[in-house]
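Undergrad: Just passing along the structure, written as structure tokens.
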Amino acid sequence: MFLMQLDRVMGYWPVLLKGIAMTVSLSVLSLLIGVVLGFAFGIIRAGRNRTLARLLGLYVDFFRGTPFLLQVFIVFFILPVTGIELSAFTSGVIAMSNVAACFIGEIVASGIKAVPTGQSEAAAASGMTRAQQMRHVVLPQAVRIVTPSLVGQFVLLIKDSSVVSAIGLLDLTRAGWVMVQSIPNGLLVFGIVGLSYFIICYPLIYISRRMERRDQSTIL
Amino acid sequence: MIEFSNLNKWFGALHVLSDINLSVAKGEVVVVCGPSGSGKSTLIRCVNGLEPFQKGGLIVDGTELGGSEARLRDLRMEVGFVFQQFNLYPHKTALENVTLAPIHVRKLSKVDAEERGRALLAKVGLGDKMGNYPHQLSGGQQQRVAIARSLAMQPKIMLFDEPTSALDPEMINEVLDVMVSLAREGMTMMVVTHEMGFARKVADRVIFMDRGAIVEMASPETFFTAPKNDRTRDFLSKVLQH
Ligand SMILES: Nc1ncnc2c1ncn2[C@@H]1O[C@H](COP(=O)(O)OP(=O)(O)O)[C@@H](O)[C@H]1O
Ligand SMILES: [Mg+2]
């Protein structure tokens with residue numbers, strides 16, 4: 001019985017593979033955009049223009065404080081009302097990049113604030129512009145400080161990408177739904193789906209743990 | 001070279017610098033001392049614009065402070081600053097610390113900057129430590145890298161804020177030696193320090209500050225042998241004891 005079901009799951013491997021491909025491409029694209037945008041957010045959030053920082057803080061808190069599913073719905077169902085037609089994939093990427101940028105931005109801002117002020121003072125004293133101080137002195141140190149939390153955040157975001165199945169994208173989670181229609185063993189099907197998520201995320205978890213350890217050894 | 005005129009600064013309600021009048025000539029070495037919290041750091045941090053001030057004027061190398069960011073940057077290229085806590089860039093090697101500003105601010109080629117950087121590190125006695133990261137260096141070595149880093153911009157003025165007070169006693173002299181030779185080469189320097197031996201050796205003038213004001217200003221001989229002010233005498237008796 002079990003072996004028969006396993007055999008049928010294997011018959012569904014193209015769907016499973018499609019789901020994996022969708023989850024990976026959605027995550028990679030969104031995380032790339034999210035990182036770029038998130039660094040911009042972080043620099044503004046830790047920056048000298050406090051008004052701008054607070055305004056952005058309000059925006060960020062809104063997206064950190066509302067369910068991701070709701071955000072996906074807003075992009076997919078509500079933006080079209082204003083005349084912007086978006087495919088499910090584009091909607092997913094937009095919603096996910098945006099929420100990624102919000103979380104990453106706060107992490108980056110905390111890293112920037114954790115770099116001692118003496119560092120930017122030394123850089124300023126040598127005649128560097130604010131941008132140069134940020135690029136050559138502050139950001140490299142901030143990145144080192146926050147890399148473990150950033151990678152941890154990536155894992156959370158990849159897992160959250162399962163929400164996009166709600167707007168019809170055939171991602172890993174939806175592939176599970178499709179399979180479970182004809183294979184009445186939820187435990188087996190979603191066990192395999194879960195394992196696939198784990199295989200996607202584990203390298204990141206591993207890297208982050210390695211880096212945390214390396215970080216401690218350089219501090220000592 | 002440096003001209004304070006009636007400079008005043010407040011941190012909120014705290015009057016940290018009151019009516020500072022001081023001029024430092026080219027090639028002069030001025031030592032600033034005084035009790036903790038008297039405003040010494042704030043005074044020299046004004047000279048390269050690390051601290052803004054509210055009243056009075058300050059002209060450094062012909063530039064009036066309080067102007068645009070761009071003019072401030074131009075000025076900072078000519079004014080080196082050495083911090084009590086070194087503030088080396090921990091993610092860069094000694095040589096990279098020294099070449100960063102020459103490459104990105106002075107726009108030197110990497111080759112030229114490294115040549116200059118190697119020569120300076122050798123000059124401060126660290127020819128064999130160029131590839132080391134700050135955490136692999138002792139405090140005295142780090143501070144010498146910091147001095148080389150400032151000198152790499154070929155400044156006209158060097159400011160030192162208690163450069164030896166974070167150091168273990170046995171490392172103080174290696175840093176002071178570098179500063180003495182710099183002074184003898186004719187560098188214009190303002191040095192906040194309690195190292196009175198250094199003051200005796202190379203200072204042209206010694207300034208005593210208390211509660212944000214310059215209380216006494218004299219040549220080292222007069223300053224140490226015949227201080228006029230009671231507070232100066234009091235301070236000297238404490239500092240010279242050890
Ligand atoms: N950023 C700051 N904000 C508020 N007060 C400050 C700040 N920096 C220094 N002060 C105060 O200004 C006074 C002078 O400080 P400082 O110039 O560092 O003295 P010193 O270097 O002689 O020890 C002290 O009372 C100090 O507490
Ligand atoms: Mg001080």
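Simple scheme: letters A, B, ... for chains in structure tokens order, numbers from 1 for residues in each chain, numbers from 1 for ligands in the order shown.
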Check every protein, DNA and RNA residue against ligand 1, keep those with an atom at most 9 Å away (counting only C-alpha atoms and all ligand atoms), and present them as a list in words.

TA: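 Checked against 9 Å with only C-alpha atoms and all ligand atoms; the hits are Trp10, Phe11, Gly12, Leu14, His15, Val16, Leu17, Cys33, Gly34, Pro35, Ser36, Gly37, Ser38, Gly39, Lys40, Ser41, Thr42, Leu43, Ile44, Arg45, Glu51, Asp161, Glu162, Val192, Met209, Asp210, Arg211 and Gly212 of chain B.
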
Undergrad: Out of stretch 81-235 of chain B, which residues get strand (DSSP E or B) from DSSP, as a list in words?

TA: Phe81, Val82, Ile157, Met158, Leu159, Phe160, Asp161, Thr188, Met189, Met190, Val191, Val192, Arg205, Val206, Ile207, Phe208, Met209, Asp210, Ala213, Ile214, Val215, Glu216, Met217 and Ala218 of chain B

Undergrad: Pick out the chain A residues within 12 Å of chain B. Count only C-alpha atoms. Give them as an mmCIF file with N, CA and C atoms, in the first residue's frame.

TA:
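So selection_13.cif came out as:
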data_model
loop_
_atom_site.group_PDB
_atom_site.id
_atom_site.type_symbol
_atom_site.label_atom_id
_atom_site.label_comp_id
_atom_site.auth_asym_id
_atom_site.auth_seq_id
_atom_site.Cartn_x
_atom_site.Cartn_y
_atom_site.Cartn_z
ATOM 1 N N VAL A 115 28.016 49.534 14.477
ATOM 2 C CA VAL A 115 29.409 49.899 14.183
ATOM 3 C C VAL A 115 29.748 51.133 15.020
ATOM 4 N N PRO A 116 30.831 51.089 15.799
ATOM 5 C CA PRO A 116 31.154 52.220 16.685
ATOM 6 C C PRO A 116 31.283 53.533 15.913
ATOM 7 N N THR A 117 30.835 54.633 16.514
ATOM 8 C CA THR A 117 30.884 55.921 15.815
ATOM 9 C C THR A 117 32.316 56.328 15.491
ATOM 10 N N GLY A 118 33.276 55.832 16.297
ATOM 11 C CA GLY A 118 34.679 56.147 16.023
ATOM 12 C C GLY A 118 35.097 55.744 14.615
ATOM 13 N N GLN A 119 34.447 54.721 14.067
ATOM 14 C CA GLN A 119 34.787 54.261 12.729
ATOM 15 C C GLN A 119 34.436 55.303 11.671
ATOM 16 N N SER A 120 33.208 55.810 11.719
ATOM 17 C CA SER A 120 32.854 56.817 10.716
ATOM 18 C C SER A 120 33.564 58.138 11.006
ATOM 19 N N GLU A 121 33.881 58.387 12.282
ATOM 20 C CA GLU A 121 34.648 59.600 12.598
ATOM 21 C C GLU A 121 36.044 59.536 11.995
ATOM 22 N N ALA A 122 36.675 58.375 12.116
ATOM 23 C CA ALA A 122 38.017 58.235 11.540
ATOM 24 C C ALA A 122 37.953 58.416 10.034
ATOM 25 N N ALA A 123 36.934 57.833 9.420
ATOM 26 C CA ALA A 123 36.800 57.952 7.968
ATOM 27 C C ALA A 123 36.499 59.397 7.574
ATOM 28 N N ALA A 124 35.604 60.034 8.333
ATOM 29 C CA ALA A 124 35.277 61.440 8.045
ATOM 30 C C ALA A 124 36.513 62.308 8.207
ATOM 31 N N ALA A 125 37.295 62.034 9.258
ATOM 32 C CA ALA A 125 38.481 62.850 9.526
ATOM 33 C C ALA A 125 39.497 62.753 8.392
ATOM 34 N N SER A 126 39.438 61.668 7.613
ATOM 35 C CA SER A 126 40.389 61.558 6.500
ATOM 36 C C SER A 126 39.839 62.184 5.223
ATOM 37 N N GLY A 127 38.678 62.817 5.322
ATOM 38 C CA GLY A 127 38.160 63.556 4.174
ATOM 39 C C GLY A 127 37.163 62.797 3.323
ATOM 40 N N MET A 128 36.727 61.620 3.788
ATOM 41 C CA MET A 128 35.765 60.864 2.981
ATOM 42 C C MET A 128 34.383 61.504 3.015
ATOM 43 N N THR A 129 33.665 61.355 1.916
ATOM 44 C CA THR A 129 32.265 61.775 1.883
ATOM 45 C C THR A 129 31.447 60.779 2.701
ATOM 46 N N ARG A 130 30.200 61.148 3.004
ATOM 47 C CA ARG A 130 29.350 60.223 3.754
ATOM 48 C C ARG A 130 29.171 58.901 3.014
ATOM 49 N N ALA A 131 29.021 58.995 1.700
ATOM 50 C CA ALA A 131 28.834 57.776 0.904
ATOM 51 C C ALA A 131 30.079 56.896 0.988
ATOM 52 N N GLN A 132 31.257 57.516 0.907
ATOM 53 C CA GLN A 132 32.498 56.738 1.004
ATOM 54 C C GLN A 132 32.657 56.107 2.382
ATOM 55 N N GLN A 133 32.308 56.859 3.420
ATOM 56 C CA GLN A 133 32.387 56.301 4.777
ATOM 57 C C GLN A 133 31.504 55.067 4.872
ATOM 58 N N ARG A 135 30.351 53.143 2.379
ATOM 59 C CA ARG A 135 30.741 52.060 1.486
ATOM 60 C C ARG A 135 32.015 51.342 1.947
ATOM 61 N N HIS A 136 33.020 52.110 2.360
ATOM 62 C CA HIS A 136 34.315 51.486 2.635
ATOM 63 C C HIS A 136 34.507 51.099 4.098
ATOM 64 N N VAL A 137 33.827 51.783 4.994
ATOM 65 C CA VAL A 137 34.117 51.572 6.418
ATOM 66 C C VAL A 137 32.925 50.989 7.183
ATOM 67 N N VAL A 138 31.768 51.618 7.071
ATOM 68 C CA VAL A 138 30.649 51.199 7.930
ATOM 69 C C VAL A 138 29.957 49.938 7.402
ATOM 70 N N LEU A 139 29.555 49.947 6.138
ATOM 71 C CA LEU A 139 28.798 48.801 5.626
ATOM 72 C C LEU A 139 29.544 47.467 5.700
ATOM 73 N N PRO A 140 30.824 47.429 5.304
ATOM 74 C CA PRO A 140 31.510 46.125 5.403
ATOM 75 C C PRO A 140 31.469 45.553 6.816
ATOM 76 N N GLN A 141 31.570 46.434 7.814
ATOM 77 C CA GLN A 141 31.528 45.945 9.197
ATOM 78 C C GLN A 141 30.103 45.575 9.594
ATOM 79 N N ALA A 142 29.145 46.373 9.138
ATOM 80 C CA ALA A 142 27.745 46.087 9.456
ATOM 81 C C ALA A 142 27.334 44.737 8.865
ATOM 82 N N VAL A 143 27.768 44.487 7.629
ATOM 83 C CA VAL A 143 27.411 43.226 6.968
ATOM 84 C C VAL A 143 27.949 42.045 7.767
ATOM 85 N N ARG A 144 29.190 42.180 8.231
ATOM 86 C CA ARG A 144 29.755 41.101 9.043
ATOM 87 C C ARG A 144 28.926 40.845 10.291
ATOM 88 N N ILE A 145 28.471 41.920 10.902
ATOM 89 C CA ILE A 145 27.701 41.772 12.133
ATOM 90 C C ILE A 145 26.374 41.069 11.871
ATOM 91 N N SER A 217 35.074 33.268 16.606
ATOM 92 C CA SER A 217 36.502 33.001 16.727
ATOM 93 C C SER A 217 37.329 34.238 16.408
ATOM 94 N N THR A 218 36.809 35.146 15.556
ATOM 95 C CA THR A 218 37.608 36.342 15.280
ATOM 96 C C THR A 218 37.480 37.368 16.393
ATOM 97 N N ILE A 219 36.365 37.302 17.119
ATOM 98 C CA ILE A 219 36.217 38.251 18.228
ATOM 99 C C ILE A 219 37.173 37.879 19.358
ATOM 100 N N LEU A 220 37.325 36.572 19.567
ATOM 101 C CA LEU A 220 38.193 36.124 20.659
ATOM 102 C C LEU A 220 39.656 36.403 20.351
#

Undergrad: With distances taken over only C-alpha atoms, which residue among A:Ile107, A:Phe39, A:Ala114, A:Val189 lies nearest A:Met10?

TA: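 So, comparing all the options, the nearest one is A:Val189.
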
Undergrad: Which residues, written as a VMD selection string, have at least one atom at most 9 Å from A:Gly186, with only C-alpha atoms counted and residues fewer than 5 positions away on the same chain left out?

TA: chain A and resid 176 to 177 180 191

Undergrad: Name the residues in contact with stretch 146-160 of chain A at a cut-off of 7 Å, using only C-alpha atoms, excluding same-chain residues fewer than 6 positions from it; report them as a ChimeraX atom specification.

TA: /A:27,100,104,107-108,111,201,204-205,208,211-212

Undergrad: Could you list, as a PyMOL selection string, every residue within 7 Å of stretch 112-126 of chain B, counting only C-alpha atoms and ignoring same-chain residues fewer than 3 positions away?

TA: chain B and resi 95+98-99+102-103+108-109+129-130+144-145+148+152+178

Undergrad: With all heavy atoms retained, could you export that selection as a CSV table (one decimal), in the first residue's frame?

TA:
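After the write, part_10.csv holds the following:
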chain,number,residue,atom,x,y,z
B,95,LEU,N,48.2,47.9,6.1
B,95,LEU,CA,48.5,48.6,4.9
B,95,LEU,C,47.2,49.2,4.2
B,95,LEU,O,47.2,50.3,3.8
B,95,LEU,CB,49.2,47.7,3.9
B,95,LEU,CG,49.7,48.4,2.6
B,95,LEU,CD1,50.7,49.5,2.9
B,95,LEU,CD2,50.3,47.4,1.6
B,98,VAL,N,46.0,52.2,5.9
B,98,VAL,CA,46.9,53.4,5.5
B,98,VAL,C,46.6,53.9,4.1
B,98,VAL,O,46.7,55.1,3.8
B,98,VAL,CB,48.4,53.1,5.7
B,98,VAL,CG1,49.3,54.2,5.2
B,98,VAL,CG2,48.6,52.7,7.2
B,99,THR,N,46.2,53.0,3.2
B,99,THR,CA,46.0,53.4,1.8
B,99,THR,C,44.6,53.8,1.5
B,99,THR,O,44.3,54.4,0.4
B,99,THR,CB,46.4,52.3,0.8
B,99,THR,OG1,45.7,51.1,1.1
B,99,THR,CG2,47.9,52.0,0.9
B,102,PRO,N,44.1,57.8,0.9
B,102,PRO,CA,44.8,58.2,-0.2
B,102,PRO,C,44.2,57.8,-1.6
B,102,PRO,O,44.2,58.5,-2.5
B,102,PRO,CB,46.2,57.6,0.0
B,102,PRO,CG,46.4,57.5,1.5
B,102,PRO,CD,45.0,57.2,2.0
B,103,ILE,N,43.7,56.5,-1.6
B,103,ILE,CA,43.2,56.0,-2.9
B,103,ILE,C,41.8,56.7,-3.2
B,103,ILE,O,41.6,57.2,-4.3
B,103,ILE,CB,43.0,54.5,-2.8
B,103,ILE,CG1,44.3,53.8,-2.8
B,103,ILE,CG2,42.1,54.0,-4.0
B,103,ILE,CD1,44.3,52.3,-2.6
B,108,LEU,N,44.9,58.8,-5.4
B,108,LEU,CA,46.2,58.2,-5.8
B,108,LEU,C,45.9,56.8,-6.4
B,108,LEU,O,44.9,56.1,-6.1
B,108,LEU,CB,47.0,58.0,-4.5
B,108,LEU,CG,48.3,58.8,-4.4
B,108,LEU,CD1,47.9,60.3,-4.3
B,108,LEU,CD2,49.0,58.4,-3.1
B,109,SER,N,46.8,56.4,-7.3
B,109,SER,CA,46.7,55.0,-7.8
B,109,SER,C,47.0,54.1,-6.7
B,109,SER,O,47.7,54.4,-5.7
B,109,SER,CB,47.6,54.8,-9.0
B,109,SER,OG,48.9,54.7,-8.5
B,129,LYS,N,54.7,44.4,9.6
B,129,LYS,CA,53.3,44.1,10.1
B,129,LYS,C,52.2,44.6,9.0
B,129,LYS,O,51.1,44.7,9.4
B,129,LYS,CB,53.0,44.9,11.4
B,129,LYS,CG,54.0,44.5,12.5
B,129,LYS,CD,53.6,43.2,13.1
B,129,LYS,CE,54.5,42.9,14.3
B,129,LYS,NZ,54.6,41.4,14.6
B,130,MET,N,52.7,44.9,7.8
B,130,MET,CA,51.8,45.5,6.9
B,130,MET,C,50.5,44.7,6.6
B,130,MET,O,49.5,45.2,6.3
B,130,MET,CB,52.5,45.7,5.5
B,130,MET,CG,53.8,46.3,5.7
B,130,MET,SD,54.1,47.6,4.6
B,130,MET,CE,55.9,47.9,4.9
B,144,ARG,N,50.4,53.3,16.2
B,144,ARG,CA,51.4,53.7,15.2
B,144,ARG,C,50.8,53.6,13.8
B,144,ARG,O,51.1,54.4,12.9
B,144,ARG,CB,52.7,53.0,15.4
B,144,ARG,CG,53.5,53.5,16.6
B,144,ARG,CD,54.8,52.8,16.7
B,144,ARG,NE,54.7,51.4,17.3
B,144,ARG,CZ,55.5,50.4,17.1
B,144,ARG,NH1,56.5,50.6,16.2
B,144,ARG,NH2,55.4,49.3,17.6
B,145,VAL,N,50.1,52.5,13.6
B,145,VAL,CA,49.4,52.4,12.3
B,145,VAL,C,48.4,53.6,12.1
B,145,VAL,O,48.4,54.2,11.0
B,145,VAL,CB,48.6,51.1,12.2
B,145,VAL,CG1,47.7,51.0,10.9
B,145,VAL,CG2,49.5,49.9,12.2
B,148,ALA,N,50.4,56.5,11.0
B,148,ALA,CA,50.8,56.4,9.6
B,148,ALA,C,49.6,56.6,8.7
B,148,ALA,O,49.7,57.2,7.7
B,148,ALA,CB,51.4,55.0,9.4
B,152,ALA,N,49.6,59.5,5.8
B,152,ALA,CA,49.5,59.1,4.4
B,152,ALA,C,48.7,60.1,3.6
B,152,ALA,O,48.9,60.1,2.4
B,152,ALA,CB,48.8,57.7,4.3
B,178,VAL,N,57.5,58.3,17.9
B,178,VAL,CA,57.0,58.7,16.6
B,178,VAL,C,56.6,60.1,16.5
B,178,VAL,O,56.9,60.9,15.6
B,178,VAL,CB,55.9,57.7,16.1
B,178,VAL,CG1,55.2,58.2,14.8
B,178,VAL,CG2,56.4,56.3,15.9
